[in-house]
Amino acid sequence: MSGPIIRVEGLRKSFGEREVLRGIDLEVTTGEVVVIIGPSGCGKSTLLRCLNYLEAPTQGRIWLRGELLGRQEKAGRLVPRPEAEVDRQRSHIGMVFQRFNLFPHMTALGNVIEAPMRVKGLPRARAEEIGLGLLERVGLLDRQGEYPARLSGGQQQRVAIARALAMEPQVMLFDEATSALDPELADEVLQVMQDLAREGMTMLVVTHEMGFAREVAHRVVVLDAGAVLEQGPPSVIFTQPSQPRTREFLRKVLHMRPGGEE
Amino acid sequence: MPRRWSLSIGCVLLLAALLPGLATGSEPREASPATPPTGALARVRASGVLRVAIDATYPPMEFLENGQPVGFDVDLARELARRLGVRAQFIVMDWDGILAGLTSGRYDIILSSMNITPARRQQVDFIEYARMSQVFVTTRGQLIRTEQELAGRGVAVQTNTTSQRWVEQLRQRGVAVREIHPFPGATECFAAVKSGQAEVVVIDEPVGRYFSRLDDTFVITGQALEPEPIGIAINKEDKELTAAIARAFEQLQREGFLKQLSERWFGGELGQAVLPQGFWAFSRQVVIPRVLQGLGVTLQLTLGSGGLGIALGLLVAMARISRRAGVRGVARTYITLFRGTPLLLQLLFIFFALPLIVGVRLGPMAAGLTALSLNAAAYIAEIFRAAIESIDKGQMEAARALGMSHELAMRRVILPQTFRRLIPPLVNELAALSKDTSLVMVIALPEMLYETKQLAGTYLRPEVYAWAAVGYLIIVVALSTLARRLEQRLEARGT
Ligand SMILES: Nc1ncnc2c1ncn2[C@@H]1O[C@H](COP(=O)(O)OP(=O)(O)OP(=O)(O)O)[C@@H](O)[C@H]1O
Ligand SMILES: [Mg+2]
C-alpha cells in the first residue's frame with residue numbers, strides 16, 4: 001500500500017431538502033480493501049455513487065490519483081469539467097451493482113467487451129482476448145456465449161465483475177454485490193472478490209457479509225446518517241467498537257444472517 | 001356502316017343509277033365475264049402496290065395526322081399489304097364517292113369502316129373484320145346504361161349516322177328522349193356534352209372509346225344496338241385478291257395482331273367498352289385497378305410518413321428526456337401542439353395556410369407527407385419515451401459507470417432493449433397512420449379512399465367502398481403479421 005488513490009474531503013450530498021451525506025472525509029490507499037457498513041438508508045450507496053460521479057456531490061471534493069473528479073480549476077475557480085472528461089474519469093473506477101445490471105441483449109462476452117471496444121476503442125480481437133481472460137478468471141469461460149437471462153444470479157454477478165475489470169479500473173466499488181443472491185451463489189461471488197483483493201485491487205465494498213469484512217477488509221468504515229461513525233481494522237470494529245450505535249447495528253446484522261436484508 | 005348510314009344508302013342508289021351493270025340488276029357473281037385473265041391479284045403483285053381507299057375523317061379508324069393517314073384501318077391495311085408481299089398506297093376519298101371509285105377500278109380495296117349492308121353486298125364483296133356497336137358516352141358522375149335511361153336526356157349524335165337513326169327510332173318507340181342534337185362531327189358531339197348542351201353522346205364504339213381516352217371526363221356507360229359488322233370491300237370479280245386478303249386477315253387474327261391493334265387504338269377489344277354491371281365484373285374491370293392505384297399512394301404515404309415520423313419521433317423523444325430544460329420544453333410544446341389539434345386541421349394548415357404565411361408552397365403529396373409525419377412524430381415520440389423510461393435505470397447507470405457517454409449508452413444499451421417493446425405500439429401507430437392517410441383526400445391527393453369515392457360517385461355504385469375497406473385491412477394485417485415475425489425473431493435472440 002502506497003499513497004492515497006482516493007481522497008474525499010467534506011463530501012455532502014442533498015436530494016432536495018434532504019441531506020443524505022453530511023460531510024464525509026475519507027482516504028483510501030492503493031491496494032487497500034475498505035468495507036463500508038451501516039444501517040439501511042444511511043447513505044452507503046450514495047457515497048459510492050458520488051465516488052464515481054454517477055451522482056454529483058452537493059459540496060466537497062474527491063480526488064482520484066490526485067486528479068479532482070468532475071470539476072476543474074479555471075482561473076482560480078472550480079468549474080464543472082466537460083462531460084466527456086468526466087466519462088473518462090469514471091472509466092477508471094469500476095462499479096458492481098446489487099442487481100448486476102448486465103446488458104440483457106448482449107452475451108456474457110458481449111457485455112465484457114462492449115466498453116473496451118466502444119469507450120477505449122480497442123479492436124474486437126484484442127477486446128475479446130482480454131474479455132475471455134477475465135471470464136476465465138471469474139470461472140465462466142464456458143458460458144461466454146450465453147445471454148444473461150440464461151445465467152444464474154451468481155454467474156451474472158461474476159460476469160458483471162469481469163465487465164468492470166475489463167476497463168482496467170484503478171479502483172473497484174461494490175454496492176451490496178451479493179445481497180440479491182442465495183448464500184451458495186453469494187459465496188462464489190465473494191470468492192472472486194477475495195481473489196481480486198489478494199491480487200492487490202483497491203476496493204471499496206458496501207456489504208452485509210460480515211465474514212467477508214472480517215477476513216478480507218483492511219479497514220471497516222461505519223456510516224450512520226450520512227456521516228462516518230467510526231472506522232478501524234475489522235478486528236477492532238467487530239470486537240470492541242467504540243460507538244454504541246455500531247454495536248447495535250452489528251448485533252442486528254449478525255443476528256439476521258443468513259439471508260441478509262434486502 | 002356505322003357512319004352516314006342514311007347518306008350512303010342514297011349514294012348506293014345513285015351509283016346503281018349510274019352504273020349500267022348494276023342498274024340492270026345483273027347477278028353480281030356473273031358481272032365479270034370481261035375481266036382480263038391476269039386478275040387483280042396478279043396486277044397488285046406486279047405493281048407491288050395495294051391501292052386502299054379511305055375516308056380519312058373518322059378517328060380513330062382512319063384520319064389524317066400531319067397530312068398522313070393513320071388509324072386502326074390504316075395499320076390493318078398496311079399489314080395486309082405486307083402479307084401479300086406489297087405495300088399499301090392510300091387514296092383519300094370522300095365518303096360519297098368511295099364505292100364508285102372501287103367499282104370503276106381506281107383502287108383495289110376499301111378499308112374504311114364500311115358497314116356490311118345487304119345493298120352494298122349487291123355491289124361488292126366484303127371481308128368482315130370487326131363488329132361495332134353504338135355506345136353511350138357521358139361525363140363522370142352521370143349514369144346512362146340502358147335505352148330507357150335516355151328518357152329525359154339531351155342526346156348528341158352525328159348527323160346522318162346509324163346513331164341518329166337509332167335514337168330517332170327510339171323516340172318513336174316511346175322513349176321520351178328530351179332532345180336530339182345532330183352535329184356534323186364527333187368532336188362537336190363531345191364538346192356539346194362537356195359544355196352541358198347535351199348529356200350523352202350516342203356514337204360508334206371506337207369513336208366513343210377514342211374520345212373517352214383522350215379526355216377522361218368522358219366515360220362509356222352503356223351500349224345500344226347489336227354490334228354490326230364492318231368489312232373490307234373488294235370488287236366481286238377480284239376473287240383471287242379477296243381470297244388472298246381473307247387468308248392474310250385470318251392469319252393476322254390468329255397471330256393476335258388484331259387484338260394488339262385494338263389495344264393500341266381503342267384501349268381494348270371492341271365490344272367490351274361498356275361498364276360491366278355485375279358486382280364482380282365491375283370490381284375486376286373498373287374498381288380494383290383504380291383501388292390498387294390508390295393503394296399504392298396510400299402505402300407511399302403510410303411508409304413515407306411512418307419512416308419520417310419514426311426518425312423525427314426519436315429525435316423529439318430524445319429532446320423530451322434531455323437534461324436541458326429548454327430542449328425539453330421545445331419537445332413538450334411540439335408534442336402538445338400536434339396531439340392537441342386535429343390532423344385534418346394540420347393538413348389543411350400546411351397545404352393552404354403555409355403558402356400565405358411563410359411562402360412555402362407544397363404539392364399535395366409533399367403536404368400530405370409533411371402533415372402525417374409531423375403528426376405521427378408527436379405520438380411516436382411518446383411511444384419512444386415510454387419505452388426508454390420502461391428500461392431499468394440500472395442499465396443506464398451500469399453503462400455510464402463503464403465510462404460510456406450518455407449518447408453511447410442510449411444507442412448501444414438502452415435503445416436496443418426498447419426494440420421489442422416498441423414493436424406493438426409502433427405497429428398500432430402505423431396502422432392508425434395508414435387509416436389517417438385517407439384524410440389527404442381533402443387536398444385531392446388520389447389515395448385509396450379518394451379513388452374509391454370518385455368511383456362510387458362517378459358510377460353511382462357506393463358498394464365499391466367495400467374494396468377500400470379490403471385495401472386498408474390488407475395494410476393493417478400485413479403490418480401486424482410483419483410485427484409478429486419481427487417480435488418472434490427478437491424473442492429468439494433473447495432481448
Ligand atoms: N435520487 C435520490 N433522490 C432522493 N432521495 C434519494 C435518492 N437516492 C437516495 N436517496 C435517499 O437517500 C438516502 C440514502 O440512500 P442510499 O441508497 O445511499 O442508502 P443506503 O445506505 O445505500 O441504503 P441501503 O442499505 O438500503 O441500500 C435514502 O433515504 C434514500 O431514500
Ligand atoms: Mg444501498
# chains A, B, ... in the order shown; residues from 1 in each chain; ligands from 1
$ residues_near_ligand --ligand "ligand 1" --cutoff "8 Å" --atoms "only C-alpha atoms and all ligand atoms" --output "list in words"
Ser14, Phe15, Gly16, Arg18, Glu19, Val20, Leu21, Gly38, Pro39, Ser40, Gly41, Cys42, Gly43, Lys44, Ser45, Thr46, Leu47, Asp175, Glu176, Gly226 and Glu262 of chain A
$ write_last_selection --atoms "C-alpha atoms" --output "PDB file, in the first residue's frame"
ATOM      1  CA  SER A  14     -28.538  16.521  -0.642  1.00  0.00           C
ATOM      2  CA  PHE A  15     -31.587  15.408  -2.541  1.00  0.00           C
ATOM      3  CA  GLY A  16     -33.727  18.485  -2.378  1.00  0.00           C
ATOM      4  CA  ARG A  18     -32.861  16.089   2.433  1.00  0.00           C
ATOM      5  CA  GLU A  19     -29.145  15.866   3.206  1.00  0.00           C
ATOM      6  CA  VAL A  20     -28.030  12.286   2.708  1.00  0.00           C
ATOM      7  CA  LEU A  21     -24.267  12.708   3.100  1.00  0.00           C
ATOM      8  CA  GLY A  38     -24.143   0.882   8.178  1.00  0.00           C
ATOM      9  CA  PRO A  39     -27.901   0.726   8.548  1.00  0.00           C
ATOM     10  CA  SER A  40     -30.209   0.918   5.588  1.00  0.00           C
ATOM     11  CA  GLY A  41     -30.646   4.421   4.208  1.00  0.00           C
ATOM     12  CA  CYS A  42     -27.517   5.785   5.901  1.00  0.00           C
ATOM     13  CA  GLY A  43     -26.066   6.793   2.536  1.00  0.00           C
ATOM     14  CA  LYS A  44     -23.690   3.952   1.577  1.00  0.00           C
ATOM     15  CA  SER A  45     -24.920   3.686  -1.993  1.00  0.00           C
ATOM     16  CA  THR A  46     -24.987   7.435  -2.351  1.00  0.00           C
ATOM     17  CA  LEU A  47     -21.369   7.608  -1.196  1.00  0.00           C
ATOM     18  CA  ASP A 175     -22.529  -1.949  -3.779  1.00  0.00           C
ATOM     19  CA  GLU A 176     -24.036  -4.927  -1.958  1.00  0.00           C
ATOM     20  CA  GLY A 226     -24.660  10.257   6.247  1.00  0.00           C
ATOM     21  CA  GLU A 262     -32.797  -6.771   1.114  1.00  0.00           C
TER      22      GLU A 262
END
$ select_by_dssp --residues "range 6-243 of chain A" --states "helix (DSSP H, G or I)" --output "number ranges by chain"
A: 44-51, 83-90, 108-118, 124-137, 141-143, 148-150, 153-165, 183-198, 210-216, 234-239
$ closest_residue --among "A:Phe249, A:Phe174, A:Trp63, A:Tyr147" --to "ligand 2" --atoms "only C-alpha atoms and all ligand atoms"
A:Phe174
$ residues_around --residues "Gly154 in chain A" --least-positions-apart "3" --cutoff "9 Å" --atoms "only C-alpha atoms" --output "PyMOL selection string"
chain A and resi 151+157-159+178+181-182+184-189
$ write_last_selection --atoms "N, CA and C atoms" --output "PDB file, in the first residue's frame"
ATOM      1  N   LEU A 151     -28.178 -17.228 -17.311  1.00  0.00           N
ATOM      2  CA  LEU A 151     -27.149 -17.432 -16.297  1.00  0.00           C
ATOM      3  C   LEU A 151     -27.774 -17.309 -14.915  1.00  0.00           C
ATOM      4  N   GLN A 157     -23.412 -12.031 -11.677  1.00  0.00           N
ATOM      5  CA  GLN A 157     -22.626 -11.057 -10.934  1.00  0.00           C
ATOM      6  C   GLN A 157     -21.130 -11.212 -11.248  1.00  0.00           C
ATOM      7  N   ARG A 158     -20.707 -12.452 -11.502  1.00  0.00           N
ATOM      8  CA  ARG A 158     -19.296 -12.639 -11.858  1.00  0.00           C
ATOM      9  C   ARG A 158     -19.002 -12.046 -13.236  1.00  0.00           C
ATOM     10  N   VAL A 159     -19.984 -12.178 -14.167  1.00  0.00           N
ATOM     11  CA  VAL A 159     -19.798 -11.517 -15.469  1.00  0.00           C
ATOM     12  C   VAL A 159     -19.717 -10.003 -15.265  1.00  0.00           C
ATOM     13  N   THR A 178     -23.632  -8.965  -3.270  1.00  0.00           N
ATOM     14  CA  THR A 178     -24.120 -10.329  -3.035  1.00  0.00           C
ATOM     15  C   THR A 178     -25.488 -10.371  -2.376  1.00  0.00           C
ATOM     16  N   LEU A 181     -28.362 -12.443  -3.729  1.00  0.00           N
ATOM     17  CA  LEU A 181     -28.048 -13.835  -4.084  1.00  0.00           C
ATOM     18  C   LEU A 181     -28.288 -14.782  -2.922  1.00  0.00           C
ATOM     19  N   ASP A 182     -28.652 -16.034  -3.277  1.00  0.00           N
ATOM     20  CA  ASP A 182     -28.709 -17.078  -2.265  1.00  0.00           C
ATOM     21  C   ASP A 182     -27.304 -17.301  -1.725  1.00  0.00           C
ATOM     22  N   GLU A 184     -25.224 -19.796  -1.324  1.00  0.00           N
ATOM     23  CA  GLU A 184     -24.186 -20.535  -2.090  1.00  0.00           C
ATOM     24  C   GLU A 184     -23.687 -19.700  -3.257  1.00  0.00           C
ATOM     25  N   LEU A 185     -24.652 -19.029  -3.911  1.00  0.00           N
ATOM     26  CA  LEU A 185     -24.275 -18.212  -5.054  1.00  0.00           C
ATOM     27  C   LEU A 185     -23.472 -16.999  -4.588  1.00  0.00           C
ATOM     28  N   ALA A 186     -23.834 -16.484  -3.416  1.00  0.00           N
ATOM     29  CA  ALA A 186     -23.094 -15.354  -2.872  1.00  0.00           C
ATOM     30  C   ALA A 186     -21.633 -15.755  -2.645  1.00  0.00           C
ATOM     31  N   ASP A 187     -21.450 -16.962  -2.171  1.00  0.00           N
ATOM     32  CA  ASP A 187     -20.090 -17.394  -1.858  1.00  0.00           C
ATOM     33  C   ASP A 187     -19.180 -17.391  -3.072  1.00  0.00           C
ATOM     34  N   GLU A 188     -19.726 -17.825  -4.248  1.00  0.00           N
ATOM     35  CA  GLU A 188     -18.849 -17.862  -5.424  1.00  0.00           C
ATOM     36  C   GLU A 188     -18.458 -16.456  -5.845  1.00  0.00           C
ATOM     37  N   VAL A 189     -19.355 -15.489  -5.597  1.00  0.00           N
ATOM     38  CA  VAL A 189     -19.028 -14.107  -5.919  1.00  0.00           C
ATOM     39  C   VAL A 189     -18.008 -13.568  -4.912  1.00  0.00           C
TER      40      VAL A 189
END
$ residues_around --residues "range 440-444 of chain B" --least-positions-apart "5" --cutoff "7 Å" --atoms "only C-alpha atoms" --output "PyMOL selection string"
chain B and resi 364+368+450
$ interface_residues --of "chain B" --to "chain A" --cutoff "7 Å" --atoms "only C-alpha atoms" --output "ChimeraX atom specification"
/B:394-395,398,401-405,413,417,494-495
$ write_last_selection --atoms "N, CA, C and O atoms" --output "CSV table (one decimal), in the first residue's frame"
chain,number,residue,atom,x,y,z
B,394,GLY,N,-31.0,1.0,-13.9
B,394,GLY,CA,-29.7,0.3,-13.6
B,394,GLY,C,-28.9,0.1,-14.9
B,394,GLY,O,-27.7,0.1,-14.9
B,395,GLN,N,-29.6,0.0,-16.0
B,395,GLN,CA,-28.9,-0.2,-17.3
B,395,GLN,C,-28.1,1.0,-17.7
B,395,GLN,O,-27.0,0.9,-18.1
B,398,ALA,N,-25.2,1.3,-15.2
B,398,ALA,CA,-24.1,0.4,-15.5
B,398,ALA,C,-23.3,0.9,-16.7
B,398,ALA,O,-22.0,0.8,-16.6
B,401,ALA,N,-21.3,3.9,-15.7
B,401,ALA,CA,-20.2,3.5,-14.8
B,401,ALA,C,-19.0,2.9,-15.5
B,401,ALA,O,-17.9,3.0,-15.1
B,402,LEU,N,-19.3,2.4,-16.7
B,402,LEU,CA,-18.2,1.8,-17.5
B,402,LEU,C,-17.5,2.9,-18.3
B,402,LEU,O,-16.5,2.7,-19.1
B,403,GLY,N,-17.9,4.2,-18.2
B,403,GLY,CA,-17.3,5.3,-18.9
B,403,GLY,C,-18.0,5.6,-20.2
B,403,GLY,O,-17.5,6.4,-21.0
B,404,MET,N,-19.1,5.0,-20.5
B,404,MET,CA,-19.8,5.3,-21.7
B,404,MET,C,-20.5,6.6,-21.6
B,404,MET,O,-21.0,7.0,-20.5
B,405,SER,N,-20.5,7.4,-22.7
B,405,SER,CA,-21.2,8.7,-22.7
B,405,SER,C,-22.7,8.4,-22.7
B,405,SER,O,-23.2,7.3,-23.0
B,413,VAL,N,-27.0,0.6,-25.5
B,413,VAL,CA,-27.6,-0.2,-24.4
B,413,VAL,C,-29.1,0.0,-24.2
B,413,VAL,O,-29.8,-1.0,-24.2
B,417,GLN,N,-32.7,-2.3,-26.3
B,417,GLN,CA,-33.6,-3.0,-25.4
B,417,GLN,C,-35.0,-2.6,-25.6
B,417,GLN,O,-35.9,-3.3,-25.2
B,494,GLY,N,-33.5,-13.3,-27.5
B,494,GLY,CA,-33.4,-13.2,-26.1
B,494,GLY,C,-33.5,-11.8,-25.5
B,494,GLY,O,-33.2,-11.6,-24.3
B,495,THR,N,-33.8,-10.8,-26.4
B,495,THR,CA,-33.8,-9.4,-25.9
B,495,THR,C,-35.1,-9.2,-25.2
B,495,THR,O,-36.2,-9.3,-25.7
$ select_by_dssp --residues "range 214-421 of chain B" --states "strand (DSSP E)" --output "PyMOL selection string"
chain B and resi 218-235
$ residues_around --residues "range 49-63 of chain B" --least-positions-apart "5" --cutoff "10 Å" --atoms "only C-alpha atoms" --output "PyMOL selection string"
chain B and resi 3+40-41+43-44+68-78+80-82+84-99+101-102+105-114+185-187+206-211+232-233+265-266
$ write_last_selection --atoms "C-alpha atoms" --output "mmCIF file, in the first residue's frame"
data_model
loop_
_atom_site.group_PDB
_atom_site.id
_atom_site.type_symbol
_atom_site.label_atom_id
_atom_site.label_comp_id
_atom_site.auth_asym_id
_atom_site.auth_seq_id
_atom_site.Cartn_x
_atom_site.Cartn_y
_atom_site.Cartn_z
ATOM 1 C CA ARG B 3 -71.372 6.437 -90.065
ATOM 2 C CA ALA B 40 -56.438 -8.047 -109.699
ATOM 3 C CA LEU B 41 -54.121 -10.117 -107.537
ATOM 4 C CA ARG B 43 -51.829 -6.828 -111.051
ATOM 5 C CA VAL B 44 -51.235 -5.944 -107.419
ATOM 6 C CA GLN B 68 -50.523 11.377 -93.198
ATOM 7 C CA PRO B 69 -53.240 8.754 -92.943
ATOM 8 C CA VAL B 70 -53.240 6.990 -89.591
ATOM 9 C CA GLY B 71 -55.638 4.824 -87.625
ATOM 10 C CA PHE B 72 -56.773 1.322 -86.972
ATOM 11 C CA ASP B 73 -57.790 0.658 -90.575
ATOM 12 C CA VAL B 74 -54.621 2.204 -91.913
ATOM 13 C CA ASP B 75 -52.462 -0.037 -89.760
ATOM 14 C CA LEU B 76 -54.546 -3.037 -90.739
ATOM 15 C CA ALA B 77 -54.274 -2.225 -94.455
ATOM 16 C CA ARG B 78 -50.507 -1.799 -94.230
ATOM 17 C CA LEU B 80 -52.393 -6.916 -95.003
ATOM 18 C CA ALA B 81 -50.428 -5.467 -97.904
ATOM 19 C CA ARG B 82 -47.211 -6.575 -96.294
ATOM 20 C CA LEU B 84 -49.343 -10.007 -99.777
ATOM 21 C CA GLY B 85 -45.779 -9.013 -100.383
ATOM 22 C CA VAL B 86 -46.636 -5.476 -101.495
ATOM 23 C CA ARG B 87 -47.053 -2.091 -99.875
ATOM 24 C CA ALA B 88 -50.239 -0.162 -99.224
ATOM 25 C CA GLN B 89 -50.923 3.047 -101.048
ATOM 26 C CA PHE B 90 -53.695 5.122 -99.539
ATOM 27 C CA ILE B 91 -56.131 7.042 -101.633
ATOM 28 C CA VAL B 92 -58.107 9.510 -99.581
ATOM 29 C CA MET B 93 -61.659 9.646 -100.858
ATOM 30 C CA ASP B 94 -64.788 11.436 -99.962
ATOM 31 C CA TRP B 95 -67.265 9.000 -98.465
ATOM 32 C CA ASP B 96 -69.919 9.709 -101.052
ATOM 33 C CA GLY B 97 -67.816 8.568 -103.971
ATOM 34 C CA ILE B 98 -65.860 5.850 -102.328
ATOM 35 C CA LEU B 99 -67.815 2.851 -103.644
ATOM 36 C CA GLY B 101 -64.224 4.584 -107.105
ATOM 37 C CA LEU B 102 -63.819 0.921 -106.281
ATOM 38 C CA GLY B 105 -61.138 0.387 -110.644
ATOM 39 C CA ARG B 106 -59.445 3.471 -109.163
ATOM 40 C CA TYR B 107 -58.232 1.336 -106.240
ATOM 41 C CA ASP B 108 -58.201 -2.284 -105.216
ATOM 42 C CA ILE B 109 -59.998 -2.251 -101.896
ATOM 43 C CA ILE B 110 -61.865 -0.012 -99.479
ATOM 44 C CA LEU B 111 -60.746 -0.395 -95.907
ATOM 45 C CA SER B 112 -62.633 2.376 -94.195
ATOM 46 C CA SER B 113 -65.003 1.025 -91.522
ATOM 47 C CA MET B 114 -67.619 0.258 -94.081
ATOM 48 C CA GLY B 185 -68.669 15.627 -86.394
ATOM 49 C CA ALA B 186 -67.794 13.572 -83.339
ATOM 50 C CA THR B 187 -65.756 16.404 -81.825
ATOM 51 C CA PRO B 206 -64.319 3.082 -81.491
ATOM 52 C CA VAL B 207 -65.042 6.777 -81.628
ATOM 53 C CA GLY B 208 -66.545 6.741 -78.156
ATOM 54 C CA ARG B 209 -63.532 4.928 -76.842
ATOM 55 C CA TYR B 210 -61.143 7.197 -78.627
ATOM 56 C CA PHE B 211 -62.643 10.348 -77.132
ATOM 57 C CA ILE B 232 -63.136 -4.689 -96.410
ATOM 58 C CA ALA B 233 -64.837 -4.050 -99.733
ATOM 59 C CA TRP B 265 -56.314 2.291 -80.938
ATOM 60 C CA PHE B 266 -59.242 1.609 -78.626
#
$ atom_distance --atom1 "CA of Gln164 in chain B" --atom2 "CA of Ser133 in chain B"
13.2 Å
$ residues_around --residues "range 227-233 of chain A" --least-positions-apart "5" --cutoff "12 Å" --atoms "only C-alpha atoms" --output "PyMOL selection string"
chain A and resi 10-13+19-27+32-39+41-44+46-47+213-222+238-247+249
$ atom_distance --atom1 "CA of Pro183 in chain A" --atom2 "CA of Gln156 in chain A"
14.8 Å
$ closest_residue --among "A:Gln144, A:Ile161, A:Arg251, A:Leu48" --to "ligand 2" --atoms "only C-alpha atoms and all ligand atoms"
A:Leu48
$ atom_distance --atom1 "CA of Ala191 in chain B" --atom2 "CA of Thr139 in chain B"
11.0 Å
$ closest_residue --among "A:Phe212, A:Gly145, A:Ala177, A:Met203" --to "ligand 2" --atoms "only C-alpha atoms and all ligand atoms"
A:Ala177
$ decode --residues "range 102-159 of chain B" --atoms "C-alpha atoms" --output "PDB file, in the first residue's frame"
ATOM      1  CA  LEU B 102     -63.819   0.921-106.281  1.00  0.00           C
ATOM      2  CA  THR B 103     -66.130  -0.403-108.927  1.00  0.00           C
ATOM      3  CA  SER B 104     -64.521   1.827-111.511  1.00  0.00           C
ATOM      4  CA  GLY B 105     -61.138   0.387-110.644  1.00  0.00           C
ATOM      5  CA  ARG B 106     -59.445   3.471-109.163  1.00  0.00           C
ATOM      6  CA  TYR B 107     -58.232   1.336-106.240  1.00  0.00           C
ATOM      7  CA  ASP B 108     -58.201  -2.284-105.216  1.00  0.00           C
ATOM      8  CA  ILE B 109     -59.998  -2.251-101.896  1.00  0.00           C
ATOM      9  CA  ILE B 110     -61.865  -0.012 -99.479  1.00  0.00           C
ATOM     10  CA  LEU B 111     -60.746  -0.395 -95.907  1.00  0.00           C
ATOM     11  CA  SER B 112     -62.633   2.376 -94.195  1.00  0.00           C
ATOM     12  CA  SER B 113     -65.003   1.025 -91.522  1.00  0.00           C
ATOM     13  CA  MET B 114     -67.619   0.258 -94.081  1.00  0.00           C
ATOM     14  CA  ASN B 115     -70.732  -1.322 -92.705  1.00  0.00           C
ATOM     15  CA  ILE B 116     -71.710  -4.531 -94.444  1.00  0.00           C
ATOM     16  CA  THR B 117     -75.270  -3.949 -95.650  1.00  0.00           C
ATOM     17  CA  PRO B 118     -77.447  -6.017 -97.996  1.00  0.00           C
ATOM     18  CA  ALA B 119     -77.484  -3.196-100.522  1.00  0.00           C
ATOM     19  CA  ARG B 120     -73.710  -2.990-100.626  1.00  0.00           C
ATOM     20  CA  ARG B 121     -73.383  -6.717-100.857  1.00  0.00           C
ATOM     21  CA  GLN B 122     -75.113  -6.450-104.188  1.00  0.00           C
ATOM     22  CA  GLN B 123     -72.253  -4.387-105.498  1.00  0.00           C
ATOM     23  CA  VAL B 124     -69.127  -5.642-103.853  1.00  0.00           C
ATOM     24  CA  ASP B 125     -67.754  -8.457-101.746  1.00  0.00           C
ATOM     25  CA  PHE B 126     -66.855  -7.935 -98.105  1.00  0.00           C
ATOM     26  CA  ILE B 127     -64.392  -9.476 -95.760  1.00  0.00           C
ATOM     27  CA  GLU B 128     -65.749  -8.812 -92.282  1.00  0.00           C
ATOM     28  CA  TYR B 129     -63.013  -7.646 -89.928  1.00  0.00           C
ATOM     29  CA  ALA B 130     -64.781  -6.119 -86.937  1.00  0.00           C
ATOM     30  CA  ARG B 131     -68.140  -5.536 -85.321  1.00  0.00           C
ATOM     31  CA  MET B 132     -69.137  -2.184 -83.997  1.00  0.00           C
ATOM     32  CA  SER B 133     -71.872  -1.181 -81.665  1.00  0.00           C
ATOM     33  CA  GLN B 134     -73.141   2.173 -80.526  1.00  0.00           C
ATOM     34  CA  VAL B 135     -72.147   3.271 -77.065  1.00  0.00           C
ATOM     35  CA  PHE B 136     -73.416   5.882 -74.627  1.00  0.00           C
ATOM     36  CA  VAL B 137     -70.720   8.305 -73.569  1.00  0.00           C
ATOM     37  CA  THR B 138     -71.405  10.607 -70.633  1.00  0.00           C
ATOM     38  CA  THR B 139     -69.367  12.716 -68.281  1.00  0.00           C
ATOM     39  CA  ARG B 140     -68.285  11.300 -64.950  1.00  0.00           C
ATOM     40  CA  GLY B 141     -70.996  11.334 -62.363  1.00  0.00           C
ATOM     41  CA  GLN B 142     -73.774  10.536 -64.816  1.00  0.00           C
ATOM     42  CA  LEU B 143     -75.105   7.112 -65.355  1.00  0.00           C
ATOM     43  CA  ILE B 144     -76.881   6.138 -68.566  1.00  0.00           C
ATOM     44  CA  ARG B 145     -76.787   2.430 -69.027  1.00  0.00           C
ATOM     45  CA  THR B 146     -79.883   1.453 -70.972  1.00  0.00           C
ATOM     46  CA  GLU B 147     -82.060   2.971 -73.630  1.00  0.00           C
ATOM     47  CA  GLN B 148     -84.729   3.617 -71.002  1.00  0.00           C
ATOM     48  CA  GLU B 149     -82.274   5.804 -69.162  1.00  0.00           C
ATOM     49  CA  LEU B 150     -82.035   8.039 -72.227  1.00  0.00           C
ATOM     50  CA  ALA B 151     -85.519   9.266 -71.342  1.00  0.00           C
ATOM     51  CA  GLY B 152     -85.498  12.930 -70.445  1.00  0.00           C
ATOM     52  CA  ARG B 153     -81.937  13.401 -71.684  1.00  0.00           C
ATOM     53  CA  GLY B 154     -80.443  15.567 -74.367  1.00  0.00           C
ATOM     54  CA  VAL B 155     -78.653  13.246 -76.785  1.00  0.00           C
ATOM     55  CA  ALA B 156     -75.875  14.301 -79.167  1.00  0.00           C
ATOM     56  CA  VAL B 157     -75.426  12.300 -82.382  1.00  0.00           C
ATOM     57  CA  GLN B 158     -73.516  12.640 -85.619  1.00  0.00           C
ATOM     58  CA  THR B 159     -75.701  13.749 -88.487  1.00  0.00           C
TER      59      THR B 159
END
